[in-house]
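The data block below is data36.txt; it holds compact mmCIF, C-alpha atoms.
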# COMPACT_ATOMS: atom_id res chain seq x y z
CA MET X 6 78.44 89.24 77.70
CA SER X 7 76.84 86.54 75.51
CA GLY X 8 73.10 86.42 74.90
CA ALA X 9 72.84 83.22 76.93
CA GLY X 10 74.74 84.79 79.81
CA LEU X 11 72.48 87.85 79.78
CA LEU X 12 69.32 85.71 79.78
CA ASP X 13 70.70 83.72 82.70
CA ARG X 14 71.31 86.89 84.71
CA LEU X 15 67.81 88.12 83.86
CA GLY X 16 66.16 84.81 84.85
CA LEU X 17 64.89 84.06 81.32
CA HIS X 18 67.35 81.37 80.22
CA ARG X 19 64.86 78.55 79.64
CA ARG X 20 61.73 78.38 77.48
CA ASP X 21 59.46 77.46 80.40
CA LEU X 22 60.73 80.45 82.41
CA ARG X 23 60.14 82.81 79.49
CA ALA X 24 56.68 81.35 78.88
CA TRP X 25 55.81 81.74 82.57
CA ALA X 26 57.00 85.37 82.59
CA MET X 27 54.88 86.10 79.52
CA TYR X 28 51.74 85.74 81.62
CA ASP X 29 52.89 88.82 83.53
CA TRP X 30 53.15 90.51 80.11
CA ALA X 31 49.61 89.33 79.31
CA ASN X 32 47.72 90.20 82.49
CA SER X 33 49.57 93.46 83.14
CA ALA X 34 47.50 95.05 80.38
CA PHE X 35 44.56 94.75 82.78
CA GLN X 36 46.64 96.21 85.59
CA THR X 37 47.68 99.26 83.54
CA THR X 38 44.72 100.07 81.28
CA ILE X 39 41.84 98.88 83.47
CA ILE X 40 43.02 99.23 87.08
CA ALA X 41 45.50 102.10 86.93
CA ALA X 42 45.01 104.38 83.94
CA VAL X 43 42.21 104.42 81.36
CA PHE X 44 39.22 102.85 83.12
CA PRO X 45 39.35 104.92 86.37
CA ILE X 46 39.43 108.13 84.36
CA TYR X 47 36.69 106.95 81.96
CA PHE X 48 34.58 105.94 84.94
CA GLN X 49 35.02 109.35 86.59
CA ARG X 50 34.51 111.41 83.42
CA VAL X 51 31.90 109.36 81.53
CA ALA X 52 30.25 106.40 83.30
CA ALA X 53 29.80 108.38 86.53
CA ALA X 54 29.61 111.82 84.91
CA ASP X 55 26.20 112.49 86.45
CA LEU X 56 27.48 111.83 89.99
CA PRO X 57 29.40 114.29 92.18
CA GLY X 58 33.16 113.65 91.88
CA ALA X 59 33.61 112.59 95.50
CA VAL X 60 30.65 110.17 95.27
CA ALA X 61 32.11 108.58 92.12
CA THR X 62 35.46 108.12 93.89
CA GLU X 63 33.77 106.57 96.90
CA ARG X 64 31.79 104.06 94.80
CA PHE X 65 34.85 103.15 92.76
CA ALA X 66 36.80 102.48 95.97
CA TRP X 67 34.03 100.27 97.38
CA ALA X 68 33.84 98.30 94.10
CA THR X 69 37.58 97.68 94.37
CA THR X 70 37.11 96.45 97.92
CA ILE X 71 34.28 94.07 96.94
CA ALA X 72 36.29 92.54 94.09
CA ILE X 73 39.28 91.90 96.33
CA LEU X 74 37.09 90.40 99.06
CA ILE X 75 35.50 87.91 96.64
CA VAL X 76 38.88 86.56 95.54
CA ALA X 77 40.14 86.45 99.11
CA ILE X 78 37.21 84.20 100.06
CA VAL X 79 37.27 81.74 97.15
CA ALA X 80 41.00 81.50 96.40
CA PRO X 81 42.07 79.28 99.34
CA VAL X 82 39.43 76.63 98.60
CA LEU X 83 40.16 76.58 94.88
CA GLY X 84 43.90 76.54 95.58
CA ALA X 85 43.53 73.39 97.65
CA VAL X 86 41.31 71.79 94.99
CA ALA X 87 43.92 72.62 92.32
CA ASP X 88 46.74 71.05 94.34
CA TYR X 89 44.71 67.90 95.01
CA GLY X 90 43.63 67.43 91.40
CA GLY X 91 46.72 68.76 89.64
CA TRP X 92 44.60 71.48 88.00
CA LYS X 93 46.62 74.68 88.44
CA LYS X 94 46.55 75.58 84.74
CA LYS X 95 42.85 74.66 84.39
CA PHE X 96 41.85 77.01 87.20
CA LEU X 97 44.12 79.69 85.74
CA ALA X 98 42.32 79.29 82.40
CA GLY X 99 38.90 79.50 84.07
CA PHE X 100 39.64 82.76 85.85
CA LEU X 101 41.30 84.12 82.70
CA ALA X 102 38.09 83.43 80.74
CA VAL X 103 35.96 85.23 83.34
CA GLY X 104 38.24 88.27 83.29
CA VAL X 105 38.52 88.40 79.52
CA LEU X 106 34.75 88.27 78.95
CA ALA X 107 34.12 91.05 81.49
CA THR X 108 36.88 93.20 79.99
CA ALA X 109 35.59 92.76 76.43
CA ALA X 110 32.11 93.80 77.63
CA MET X 111 33.51 97.14 78.87
CA TYR X 112 33.21 98.38 75.28
CA SER X 113 29.46 98.78 75.95
CA ILE X 114 29.90 101.27 78.83
CA GLN X 115 28.60 104.76 78.01
CA ARG X 116 27.64 107.94 79.86
CA GLY X 117 25.65 107.26 83.02
CA ASP X 118 26.39 103.51 83.04
CA TRP X 119 28.23 103.68 86.36
CA MET X 120 26.54 100.56 87.76
CA LEU X 121 27.36 98.46 84.67
CA ALA X 122 30.89 99.81 84.76
CA LEU X 123 31.39 98.82 88.39
CA VAL X 124 29.90 95.33 87.91
CA LEU X 125 32.21 94.62 84.97
CA PHE X 126 35.13 96.10 86.90
CA VAL X 127 34.44 93.79 89.86
CA VAL X 128 34.10 90.69 87.65
CA GLY X 129 37.23 91.58 85.68
CA ASN X 130 39.19 92.09 88.90
CA VAL X 131 38.03 88.71 90.19
CA GLY X 132 39.22 87.13 86.94
CA VAL X 133 42.67 88.66 86.91
CA ALA X 134 43.30 88.26 90.65
CA GLY X 135 42.13 84.65 90.67
CA SER X 136 44.28 83.75 87.67
CA ILE X 137 47.35 85.27 89.30
CA VAL X 138 46.96 82.97 92.34
CA PHE X 139 47.45 79.91 90.12
CA TYR X 140 50.06 81.61 87.92
CA GLU X 141 52.21 82.40 90.94
CA SER X 142 51.75 78.89 92.33
CA LEU X 143 53.61 77.56 89.27
CA LEU X 144 56.76 79.55 90.12
CA PRO X 145 58.38 77.22 92.69
CA HIS X 146 57.83 74.27 90.31
CA ILE X 147 59.83 75.75 87.43
CA ALA X 148 62.52 77.78 89.24
CA SER X 149 65.19 76.54 91.64
CA GLU X 150 65.87 78.33 94.92
CA GLN X 151 68.82 80.09 93.30
CA GLU X 152 66.63 81.26 90.40
CA LEU X 153 63.55 82.44 92.32
CA ASP X 154 64.49 86.10 92.86
CA ARG X 155 65.67 86.59 89.26
CA VAL X 156 62.73 84.77 87.65
CA SER X 157 60.12 86.54 89.79
CA SER X 158 61.73 89.91 89.03
CA ALA X 159 61.87 89.02 85.32
CA GLY X 160 58.13 88.32 85.41
CA TYR X 161 57.42 91.77 86.81
CA ALA X 162 59.77 93.34 84.25
CA MET X 163 57.97 91.53 81.43
CA GLY X 164 54.72 92.81 82.91
CA TYR X 165 56.00 96.36 82.69
CA VAL X 166 56.90 95.83 79.03
CA GLY X 167 53.60 94.24 78.05
CA GLY X 168 51.39 96.56 80.06
CA GLY X 169 53.40 99.56 78.91
CA ILE X 170 53.23 98.72 75.20
CA LEU X 171 49.45 98.32 75.20
CA LEU X 172 49.01 101.43 77.34
CA ALA X 173 51.11 103.38 74.81
CA ILE X 174 48.89 102.09 71.99
CA ASN X 175 45.78 102.99 74.00
CA LEU X 176 47.11 106.49 74.71
CA ALA X 177 47.76 107.00 70.99
CA MET X 178 44.22 105.76 70.21
CA ILE X 179 42.66 108.21 72.67
CA GLN X 180 44.79 111.21 71.66
CA LYS X 181 44.74 110.53 67.89
CA PRO X 182 41.62 108.46 67.19
CA GLY X 183 41.73 109.35 63.47
CA TRP X 184 44.98 107.40 63.08
CA PHE X 185 43.03 104.25 63.95
CA GLY X 186 39.93 105.06 61.88
CA LEU X 187 37.92 105.94 65.01
CA ALA X 188 35.43 108.79 65.23
CA ASP X 189 36.42 110.38 68.53
CA ALA X 190 38.24 109.92 71.84
CA GLY X 191 35.17 108.38 73.50
CA ILE X 192 34.94 105.52 71.00
CA ALA X 193 38.74 105.15 71.14
CA THR X 194 38.60 104.81 74.92
CA ARG X 195 35.97 102.08 74.71
CA TRP X 196 38.09 100.19 72.14
CA SER X 197 41.09 100.66 74.44
CA LEU X 198 39.24 98.93 77.26
CA ALA X 199 38.17 96.05 74.99
CA SER X 200 41.69 95.68 73.53
CA VAL X 201 42.88 94.42 76.91
CA ALA X 202 40.82 91.25 76.47
CA LEU X 203 42.50 90.34 73.18
CA TRP X 204 45.98 91.17 74.47
CA TRP X 205 45.41 89.11 77.61
CA VAL X 206 44.34 85.99 75.68
CA VAL X 207 47.00 86.09 72.98
CA PHE X 208 49.98 86.52 75.27
CA SER X 209 48.74 83.88 77.73
CA LEU X 210 49.21 81.14 75.12
CA PRO X 211 52.96 80.54 75.76
CA LEU X 212 52.26 79.60 79.38
CA PHE X 213 49.64 77.03 78.41
CA ARG X 214 51.94 75.58 75.72
CA HIS X 215 55.31 75.50 77.46
CA VAL X 216 54.84 75.51 81.25
CA PRO X 217 54.11 71.97 82.48
CA GLU X 218 51.29 71.23 84.90
CA PRO X 219 53.08 70.15 88.11
CA GLY X 220 50.71 67.21 88.44
CA ARG X 221 48.89 65.64 91.32
CA LEU X 222 50.67 65.14 94.64
CA LEU X 223 48.66 63.43 97.37
CA ASP X 224 49.11 64.31 101.02
CA GLU X 225 49.91 61.69 103.60
CA GLY X 226 46.74 59.64 104.26
CA GLU X 227 45.04 60.56 100.97
CA THR X 228 44.10 57.77 98.54
CA GLY X 229 43.14 59.86 95.52
CA ALA X 230 39.55 58.64 95.67
CA GLU X 231 38.33 61.47 97.88
CA GLY X 232 36.02 64.10 96.41
CA PRO X 233 37.98 67.24 95.41
CA VAL X 234 35.96 69.59 97.62
CA ARG X 235 36.15 67.30 100.66
CA ALA X 236 39.88 66.81 100.11
CA ALA X 237 40.32 70.57 99.71
CA ALA X 238 38.49 71.28 102.98
CA SER X 239 40.67 68.74 104.77
CA ARG X 240 43.82 70.19 103.22
CA LEU X 241 42.86 73.73 104.19
CA ALA X 242 42.35 72.66 107.79
CA VAL X 243 45.79 71.04 107.73
CA THR X 244 47.33 74.08 106.04
CA PHE X 245 45.88 76.40 108.69
CA ARG X 246 47.49 74.23 111.35
CA GLU X 247 50.74 74.02 109.39
CA LEU X 248 51.04 77.79 109.20
CA ARG X 249 52.26 77.56 112.78
CA GLN X 250 55.01 75.22 111.57
CA TYR X 251 56.07 77.70 108.89
CA LYS X 252 56.46 80.54 111.35
CA GLN X 253 58.73 82.67 109.17
CA ALA X 254 56.46 82.38 106.13
CA PHE X 255 53.46 83.34 108.25
CA LEU X 256 55.29 86.30 109.80
CA PHE X 257 56.28 87.40 106.32
CA LEU X 258 52.62 87.19 105.23
CA LEU X 259 51.65 89.56 108.05
CA ALA X 260 54.30 92.06 106.97
CA PHE X 261 53.26 91.69 103.33
CA LEU X 262 49.58 92.12 104.24
CA ILE X 263 50.34 95.51 105.70
CA TYR X 264 52.94 97.05 103.39
CA ASN X 265 51.29 95.74 100.23
CA ASP X 266 48.09 97.47 101.32
CA GLY X 267 49.95 100.73 100.89
CA ILE X 268 51.32 99.70 97.49
CA GLN X 269 47.93 98.57 96.17
CA THR X 270 46.22 101.72 97.42
CA ILE X 271 48.69 103.90 95.53
CA ILE X 272 48.26 101.81 92.35
CA ARG X 273 44.48 101.68 92.43
CA MET X 274 43.60 105.19 93.59
CA ALA X 275 46.24 107.35 91.88
CA THR X 276 44.34 108.39 88.76
CA THR X 277 40.97 108.55 90.50
CA TYR X 278 42.53 110.89 93.06
CA GLY X 279 44.30 112.86 90.31
CA ALA X 280 41.05 113.27 88.35
CA GLU X 281 39.28 114.49 91.48
CA ILE X 282 41.87 117.22 92.16
CA GLY X 283 41.77 118.38 88.53
CA LEU X 284 44.87 116.89 86.89
CA ASP X 285 44.90 116.50 83.11
CA ASP X 286 43.71 113.07 81.88
CA SER X 287 46.28 112.62 79.10
CA ALA X 288 49.08 113.79 81.39
CA MET X 289 48.14 111.20 84.01
CA ILE X 290 48.00 108.36 81.48
CA THR X 291 51.33 109.47 79.99
CA ALA X 292 52.85 109.58 83.47
CA LEU X 293 51.67 106.04 84.19
CA LEU X 294 53.14 104.96 80.86
CA ILE X 295 56.46 106.39 82.02
CA THR X 296 56.05 104.35 85.24
CA GLN X 297 55.81 101.18 83.13
CA PHE X 298 58.98 101.79 81.16
CA VAL X 299 60.98 103.09 84.12
CA GLY X 300 59.94 99.89 85.90
CA ILE X 301 61.48 97.56 83.29
CA PRO X 302 65.19 98.09 84.07
CA PHE X 303 64.54 98.65 87.77
CA ALA X 304 62.64 95.36 88.15
CA PHE X 305 65.62 93.53 86.65
CA LEU X 306 67.97 95.66 88.78
CA PHE X 307 66.16 94.70 91.98
CA GLY X 308 66.61 91.02 91.08
CA MET X 309 70.35 91.56 90.64
CA ILE X 310 70.60 93.61 93.85
CA ALA X 311 68.82 90.80 95.71
CA ASP X 312 71.51 88.38 94.49
CA ARG X 313 74.08 90.58 96.26
CA ILE X 314 72.38 91.83 99.42
CA GLY X 315 69.35 89.52 99.72
CA ALA X 316 65.69 89.94 98.89
CA LYS X 317 64.73 91.18 102.35
CA ARG X 318 67.15 94.11 102.36
CA SER X 319 66.12 95.00 98.82
CA VAL X 320 62.46 95.15 99.87
CA PHE X 321 63.43 97.53 102.70
CA ILE X 322 64.86 99.89 100.06
CA GLY X 323 61.54 99.80 98.21
CA LEU X 324 59.48 100.45 101.33
CA GLY X 325 61.64 103.44 102.25
CA ALA X 326 61.05 104.90 98.80
CA TYR X 327 57.29 104.34 99.12
CA ALA X 328 57.25 106.25 102.40
CA VAL X 329 58.81 109.23 100.61
CA ILE X 330 56.34 108.88 97.73
CA THR X 331 53.41 109.00 100.18
CA LEU X 332 54.62 112.20 101.82
CA LEU X 333 55.14 113.87 98.45
CA GLY X 334 51.76 112.63 97.23
CA TYR X 335 49.99 114.43 100.06
CA ARG X 336 51.29 117.75 98.71
CA MET X 337 50.78 116.93 95.01
CA SER X 338 48.82 119.59 93.13
CA ASN X 339 49.96 119.64 89.47
CA ASN X 340 50.88 117.45 86.51
CA ILE X 341 54.67 117.88 86.92
CA GLN X 342 54.51 116.53 90.47
CA PHE X 343 52.39 113.59 89.27
CA PHE X 344 55.07 112.84 86.65
CA ALA X 345 57.83 112.90 89.28
CA LEU X 346 55.95 110.58 91.60
CA SER X 347 55.21 108.21 88.72
CA VAL X 348 58.93 107.89 88.02
CA LEU X 349 59.66 107.17 91.69
CA VAL X 350 56.92 104.52 91.79
CA GLY X 351 58.31 102.90 88.64
CA MET X 352 61.72 102.60 90.27
CA VAL X 353 60.50 100.51 93.21
CA GLN X 354 57.09 99.00 92.46
CA GLY X 355 58.00 95.92 90.42
CA GLY X 356 61.12 95.03 92.39
CA THR X 357 59.41 95.28 95.76
CA GLN X 358 56.49 93.07 94.74
CA ALA X 359 58.59 90.58 92.76
CA LEU X 360 61.00 89.99 95.65
CA SER X 361 58.08 89.64 98.05
CA ARG X 362 56.73 86.86 95.82
CA SER X 363 60.08 85.09 95.57
CA MET X 364 60.76 85.36 99.32
CA PHE X 365 57.48 83.66 100.07
CA ALA X 366 58.08 80.98 97.40
CA ALA X 367 61.38 80.12 99.09
CA MET X 368 59.71 79.56 102.47
CA ILE X 369 56.91 77.16 101.45
CA PRO X 370 56.85 73.45 100.46
CA ARG X 371 56.57 73.12 96.68
CA ASP X 372 54.07 70.25 96.77
CA LYS X 373 51.53 72.62 98.35
CA SER X 374 52.33 75.70 96.29
CA SER X 375 48.74 76.39 95.14
CA GLU X 376 47.41 76.20 98.70
CA PHE X 377 50.13 78.43 100.08
CA PHE X 378 49.97 80.86 97.16
CA ALA X 379 46.21 80.97 97.63
CA PHE X 380 46.92 82.18 101.16
CA PHE X 381 49.51 84.55 99.70
CA GLY X 382 46.75 85.73 97.37
CA VAL X 383 44.35 86.11 100.30
CA PHE X 384 46.85 88.28 102.16
CA GLU X 385 47.65 90.14 98.94
CA ARG X 386 43.96 90.77 98.19
CA TYR X 387 43.04 91.64 101.77
CA ALA X 388 46.01 93.98 101.59
CA GLY X 389 44.08 95.83 98.92
CA ILE X 390 40.90 96.09 100.98
CA LEU X 391 41.80 98.33 103.88
CA GLY X 392 43.49 101.09 101.88
CA PRO X 393 40.64 101.69 99.39
CA ALA X 394 38.13 101.28 102.22
CA ILE X 395 39.93 104.00 104.19
CA PHE X 396 39.86 106.14 101.06
CA ALA X 397 36.13 105.60 100.68
CA TRP X 398 35.43 106.31 104.36
CA THR X 399 37.64 109.41 104.43
CA VAL X 400 36.08 110.81 101.27
CA ALA X 401 32.62 110.21 102.73
CA GLN X 402 33.58 111.98 105.95
CA THR X 403 35.61 114.90 104.58
CA GLY X 404 34.53 115.29 100.95
CA SER X 405 38.16 115.03 99.78
CA SER X 406 40.73 112.28 99.13
CA ARG X 407 43.78 114.28 100.15
CA ASN X 408 43.50 113.56 103.88
CA ALA X 409 43.49 109.81 103.18
CA ILE X 410 46.94 109.96 101.56
CA LEU X 411 48.88 110.29 104.81
CA SER X 412 47.22 107.19 106.28
CA VAL X 413 49.06 105.10 103.66
CA LEU X 414 52.39 105.97 105.29
CA ALA X 415 51.52 103.86 108.34
CA PHE X 416 51.25 100.74 106.18
CA PHE X 417 54.86 101.04 105.02
CA VAL X 418 56.25 101.77 108.48
CA ILE X 419 54.40 98.98 110.29
CA GLY X 420 55.01 96.49 107.48
CA ALA X 421 58.74 97.20 107.54
CA LEU X 422 58.90 96.71 111.30
CA ILE X 423 57.27 93.26 111.05
CA LEU X 424 59.45 92.31 108.06
CA SER X 425 62.55 93.05 110.16
CA ARG X 426 61.57 90.09 112.37
CA VAL X 427 61.45 87.57 109.47
CA ASP X 428 64.34 85.05 109.25
CA VAL X 429 64.30 84.04 105.58
CA GLU X 430 67.03 81.39 105.87
CA GLU X 431 65.21 79.66 108.72
CA GLY X 432 62.02 79.71 106.65
CA ARG X 433 63.82 78.03 103.75
CA ARG X 434 65.30 75.35 105.98
CA VAL X 435 61.92 74.42 107.47
CA ALA X 436 60.22 74.28 104.04
CA ARG X 437 62.87 71.99 102.53
CA ALA X 438 62.77 69.71 105.57
CA ALA X 439 58.99 69.41 105.19
CA GLU X 440 59.39 68.48 101.52
CA GLN X 441 61.85 65.72 102.38
CA HIS X 442 59.51 64.36 105.06
CA ALA X 443 56.56 64.36 102.62
CA HIS X 444 58.65 62.61 99.97
CA ALA X 445 59.75 59.94 102.41
CA ALA X 446 56.16 59.39 103.56
CA ARG X 447 54.92 58.90 99.98
CA ASN X 448 57.66 56.32 99.26
CA ARG X 449 57.04 54.14 102.29
For this file, write the structure as structure tokens.
Amino acid sequence: MSGAGLLDRLGLHRRDLRAWAMYDWANSAFQTTIIAAVFPIYFQRVAAADLPGAVATERFAWATTIAILIVAIVAPVLGAVADYGGWKKKFLAGFLAVGVLATAAMYSIQRGDWMLALVLFVVGNVGVAGSIVFYESLLPHIASEQELDRVSSAGYAMGYVGGGILLAINLAMIQKPGWFGLADAGIATRWSLASVALWWVVFSLPLFRHVPEPGRLLDEGETGAEGPVRAAASRLAVTFRELRQYKQAFLFLLAFLIYNDGIQTIIRMATTYGAEIGLDDSAMITALLITQFVGIPFAFLFGMIADRIGAKRSVFIGLGAYAVITLLGYRMSNNIQFFALSVLVGMVQGGTQALSRSMFAAMIPRDKSSEFFAFFGVFERYAGILGPAIFAWTVAQTGSSRNAILSVLAFFVIGALILSRVDVEEGRRVARAAEQHAHAARNR
């Protein structure tokens, strides 16, 4: 197979597609080092070292919930403003700056600084989550319907590569600080946290250089002279009403809200839970590094499988695997079991989320992609609220995280049942018809 043919199958055959996917490479460093691996352990062992383990876990879970809630509130309004003004990339840059500054400041966190750590963690999460809303809203503008599944999956695969490479460097820094001219593992960990900021900025540059801003598209009845906030409020009201028109997209959002809650809970609480039950820090970070590199081929594989059997069926495969992972996680008690579960997560995590993104992109009108992806972001972020909140509540009530694990299973089962009712082809037909109507109205 030629290089061009391989890139086409992977969804990376044009410069704008590769540049778009590189933002997954860039921001995934935050997902791996800050959300999943290094920061949760550093928070438990150092920043919150003077707190009881269960209390530290509870506060970390509530901080996660607060960060997600903030983005869920502001994203829809800013999404509508971005669509009205043609400012998707500007808003992406603004949230990126917020996240990068907070992440760089994590270098200053030392023993006992649990409040500072949580504030920076919340601000950083707001930055990365907000930027992803506008990043994802660019997808339907650069990829055709036939390319969506492959390009979305390629983005997740690139994220695994980028996040995995920096996590490997960070792991080497922490285990062998002398190789990097650092005094000890504590200093190395703080530099690891700060390194995410530099990585994030540098690898975001291709998107800003090579992905075009979709531009301003006015709704029917708009003149362009309206104030952005007033226009955004009006658009949101219309979009709320239009969600009834896009029945399949809305039904999908409900399914996604529920099953993604389970996925996000596993991602965000794995190492905190592992640290609480006494697993080795380096072993957990190494296991999550394995998750990243296992995820690379499987994210691409899910995109290819979706070409054959459809995105919806492929997501069902992922949800079935997550149900098994949850049951095994309840009984987890040693490093070997954590390694095994990390491999299983790597096999399904990227593909399941990438195909969820591309399914939704296929069922919405492209001229309102920021607004609709803001709602996608709302559902995605709210999906991360209930799981950590249940963790926090269960820990507070029982003094242990283990009993909260089984509750995650319900998210996958209920989400799959709702997803079975979604008619993706009907959703596509309605979205394309709406685009044609809007185009005709603008040209009258």
What are the nearest atom pairs, with distances in Å to one decimal, for all residues of stretch 255-330 of chain X that come at most 12 Å from stretch 415-435 of chain X, using only C-alpha atoms, set out by chain and rising residue number as CSV?
residue,atom,partner,partner_atom,distance
X:Phe255,CA,X:Val427,CA,9.1
X:Leu256,CA,X:Val427,CA,6.3
X:Phe257,CA,X:Val427,CA,6.1
X:Leu258,CA,X:Leu424,CA,9.0
X:Leu259,CA,X:Ile423,CA,7.4
X:Ala260,CA,X:Gly420,CA,4.5
X:Phe261,CA,X:Gly420,CA,6.6
X:Leu262,CA,X:Gly420,CA,7.7
X:Ile263,CA,X:Gly420,CA,5.1
X:Tyr264,CA,X:Gly420,CA,4.6
X:Asn265,CA,X:Phe416,CA,7.8
X:Asp266,CA,X:Phe416,CA,6.7
X:Gly267,CA,X:Phe416,CA,5.4
X:Ile268,CA,X:Phe417,CA,8.4
X:Gln269,CA,X:Phe416,CA,10.8
X:Thr270,CA,X:Phe416,CA,10.1
X:Ile271,CA,X:Phe416,CA,11.4
X:Gly315,CA,X:Val429,CA,9.5
X:Ala316,CA,X:Val429,CA,9.0
X:Lys317,CA,X:Val429,CA,7.8
X:Arg318,CA,X:Ser425,CA,9.1
X:Ser319,CA,X:Ala421,CA,11.6
X:Val320,CA,X:Ala421,CA,8.8
X:Phe321,CA,X:Ala421,CA,6.7
X:Ile322,CA,X:Ala421,CA,10.0
X:Gly323,CA,X:Phe417,CA,9.6
X:Leu324,CA,X:Phe417,CA,5.9
X:Gly325,CA,X:Phe417,CA,7.7
X:Ala326,CA,X:Phe417,CA,9.6
X:Tyr327,CA,X:Phe417,CA,7.2
X:Ala328,CA,X:Phe417,CA,6.3
X:Val329,CA,X:Phe417,CA,10.1
X:Ile330,CA,X:Phe417,CA,10.8
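Reported to one decimal place, the separation of atom CA of X:Leu360 from atom CA of X:Arg155 is 8.6 Å.
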Among listed residues X:Pro57, X:Gly160, X:Gly99, X:Gly132, nearest X:Leu17 (using all atoms listed in the file):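 Distance minimum relative to X:Leu17 lands on X:Gly160.
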Gap from atom CA of X:Ala177 to atom CA of X:Gly356 - Å, one decimal: 27.9 Å
Separation of atom CA of X:Asn339 from atom CA of X:Leu293, in Å and rounded to one decimal: 14.7 Å
Nearest to X:Arg195, chosen from X:Phe44, X:Phe298, X:Tyr112, X:Phe344, with only C-alpha atoms counted in the distances: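 Of X:Phe44, X:Phe298, X:Tyr112, X:Phe344, the one nearest X:Arg195 is X:Tyr112, counting only C-alpha atoms.
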Selection as a count of residues only: residues within 10 Å of (58.9, 91.3, 87.0), counting only C-alpha atoms: 34
Top pick for closest residue to X:Ala397, considering X:Val76, X:Leu83, X:Ala61, X:Leu203 and counting only C-alpha atoms: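 Comparing X:Val76, X:Leu83, X:Ala61, X:Leu203 against X:Ala397, the winner is X:Ala61.
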Surrounding residues of X:Asn130 excluding itself and chain neighbours under 2 positions, 10 Å, only C-alpha atoms, as JSON, numbers by chain: {"X": [35, 36, 39, 40, 68, 69, 71, 72, 73, 75, 76, 100, 103, 104, 107, 108, 124, 125, 126, 127, 128, 132, 133, 134, 135, 136]}
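Within 12 Å of X:Gly283, once only C-alpha atoms are used and residues closer than 4 positions along the same chain are dropped, the contacting residues are Ile46, Gln49, Arg50, Gly58, Thr276, Thr277, Tyr278, Gly279, Ser287, Ala288, Met289, Met337, Ser338, Asn339, Asn340 and Phe343 of chain X.
Within 6 Å of the point (41.9, 109.1, 104.4), counting all atoms listed in the file, the protein and nucleic acid residues come to Ile395, Phe396, Thr399, Asn408, Ala409, Ile410 and Ser412 of chain X.
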Writing out the chosen residues with C-alpha atoms as a PDB file, in the coordinates of the input:
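Final output, out.pdb:
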ATOM      1  CA  ILE X 395      39.930 104.000 104.190  1.00  0.00           C
ATOM      2  CA  PHE X 396      39.860 106.140 101.060  1.00  0.00           C
ATOM      3  CA  THR X 399      37.640 109.410 104.430  1.00  0.00           C
ATOM      4  CA  ASN X 408      43.500 113.560 103.880  1.00  0.00           C
ATOM      5  CA  ALA X 409      43.490 109.810 103.180  1.00  0.00           C
ATOM      6  CA  ILE X 410      46.940 109.960 101.560  1.00  0.00           C
ATOM      7  CA  SER X 412      47.220 107.190 106.280  1.00  0.00           C
TER       8      SER X 412
END
Contacts of X:Trp196 at 10 Å (all atoms listed in the file; same-chain gap of 4+ positions) as number ranges by chain: X: 109, 111-113, 175, 178-179, 187, 190-192, 200-201
Minimum-distance residue to X:Phe213, chosen among X:Ala24, X:Val131, X:Leu411, X:Ala242 (using only C-alpha atoms): X:Ala24
Counting all atoms listed in the file, the option among X:Val138, X:Thr291, X:Asp312, X:Leu210 closest to X:Pro81: X:Val138
